[in-house]
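One structure is given below, encoded as structure tokens.
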2 protein chains.
Amino acid sequence: MSNDEFAQHISGQFNSELEEVRSHLLAMGGMVEKQVEDAVSSLVNADSVLALEVLTTEKKINRMELAIDEECTRVIALRQPAASDLRLLVVTTKANIDLERMGDEASKIAKMAIKLSEDGVLPKGYIEVRHIGVHVCAMLHDALDAFARFDANLAVQVVHEDKSVDMEYESAMRQLVTFMMEDPRYITRVLNVLWSLRALERIGDHARNIAEHVIYLVKGRDVRHQSLDTL
Amino acid sequence: MSNDEFAQHISGQFNSELEEVRSHLLAMGGMVEKQVEDAVSSLVNADSVLALEVLTTEKKINRMELAIDEECTRVIALRQPAASDLRLLVVTTKANIDLERMGDEASKIAKMAIKLSEDGVLPKGYIEVRHIGVHVCAMLHDALDAFARFDANLAVQVVHEDKSVDMEYESAMRQLVTFMMEDPRYITRVLNVLWSLRALERIGDHARNIAEHVIYLVKGRDVRHQSLDTL
């Protein structure tokens, strides 16, 4: 084998390793997406069976996180990639953390769903959960899409979406406080809905983080803590 | 210069770069520690001036996060470190994210402090905030100490501490719900205390994350999502 062929062979192998890490992250992303959707459904439909499924899947997601993390570190150590390849691996490591945290938040929602389904009657605030849930799931879907297609424009859109989720969240919170004041007997149960909304808002934050990683990957600029108007 | 001398020179420079990254992270850690302490004080003493200071410092911490992140990626790209050096840089990148998130949570507490200080009177629940605040600050201090001294035993202790913080948090939550039920007029204000407790609990989680990174660094084993009994 000539040196050139050898270099090509190595770099071909490296590319397929990079591709593999990327596709593992996207597979995990798909699982987390379903996880969040199921968690919201389990809460809104008082479906404790579905909620238990969400809790089981979380363990699988945790294992995937560790595997992807190890994979990234191993590829960096063996291939010593430079510039854009290294950036891809660093970004994958970070997006991996965000995805795992979203899985945690989805589990919190599932736990609330189990508590609430025991009471039988649906408390108020469910419409708000469903509404914000749909919005946050769309954000996560777009963030993963932006990562898959290296699409910085879509990523910028996701960052903007996060602001409108935050506004919806604030208004839902005010609504829930009103419910609590009107009938203090429901405080504990409305608080469970409130924690679920909080978890959804955090899932939105993590989707935003992934989008910011994509922008960094594509544009080579770190946009965290910055205004996006100049992009 | 002989080859050996050259290698030593390079490696000397590399070591001082690693040392610099590490000391930058510890400096940031010290700032975040003060940030959390000040946020708790501002809430407990209804001190809106101190709370504003916390909000100003957050911007500084955000800038430090970006600088350390860039530094880590640059050193990995230039020096192509292997094994334990790479592990140190990856762990620093992750601990950096945790510290920045703690700064975010401290700012949330400071914002609650400003809201609550406007009302003048201290609502109930302050004792719980002070108590958990002291506990969480000690955890963060120990986590940073463990990182500075590569002390896996201390890190394991921090992970255990997180469980007792979580228990204190649960019991404080129940207490606050009782306050709300007793007098629904205070619901909004007690909710602000409740958000602050939640932020402290999350700061504890991040301190635990840093401790887990230290265990990984020293023992070469990833202990996330695992029982620590075998360590």
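Convention: chains lettered A, B, ... in structure tokens order; per-chain residue numbering from 1; ligands numbered from 1 as shown.
Set the cut-off at 7 Å, count only C-alpha atoms, and the residues of chain B near chain A turn out to be Asn62, Ala77, Gln80, Ala82, Ala83, Val177, Met181, Pro184, Thr188 and His225 of chain B.
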Expected file: the selected residues, C-alpha atoms, as a JSON list (two decimals), in the first residue's frame:
```
[["chain", "number", "residue", "atom", "x", "y", "z"],
["B", 62, "ASN", "CA", -20.25, 33.89, 31.34],
["B", 77, "ALA", "CA", -6.04, 20.88, 18.89],
["B", 80, "GLN", "CA", -3.02, 16.50, 20.75],
["B", 82, "ALA", "CA", -3.28, 11.48, 25.07],
["B", 83, "ALA", "CA", -4.78, 9.53, 27.99],
["B", 177, "VAL", "CA", -46.73, 23.93, 50.87],
["B", 181, "MET", "CA", -52.28, 26.34, 52.49],
["B", 184, "PRO", "CA", -53.24, 31.63, 50.35],
["B", 188, "THR", "CA", -46.95, 34.15, 45.21],
["B", 225, "HIS", "CA", -25.74, 6.71, 36.83]]
```
>> Could you list, as a ChimeraX atom specification, every residue within 8 Å of region 131-137 of chain B, counting only C-alpha atoms and ignoring same-chain residues fewer than 3 positions away?
In response: /B:33,36-37,40,127-128,140-141,165,168-169,197,200-201,203-204
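Of the listed residues (B:Asp151, B:Glu58, B:Glu71, B:Glu161), B:Glu58 comes nearest to Met31 (chain B); the distances count only C-alpha atoms.
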>> Need to verify the contact set: Val193 (chain A), 10 Å, only C-alpha atoms, exclusion of same-chain residues closer than 3 positions in sequence. Can you return it as a ChimeraX atom specification?
In response: /A:43-44,109,112-113,116,123-126,128-129,173,176,188-190,196-199
>> Give me the residues near Ile68 (chain A) as a PyMOL selection string, where near means some atom within 12 Å (using only C-alpha atoms) and where sequence neighbours in that chain fewer than 5 positions away do not count.
In response: chain A and resi 17-18+20-29+61-63+73-75+89-97+99-100
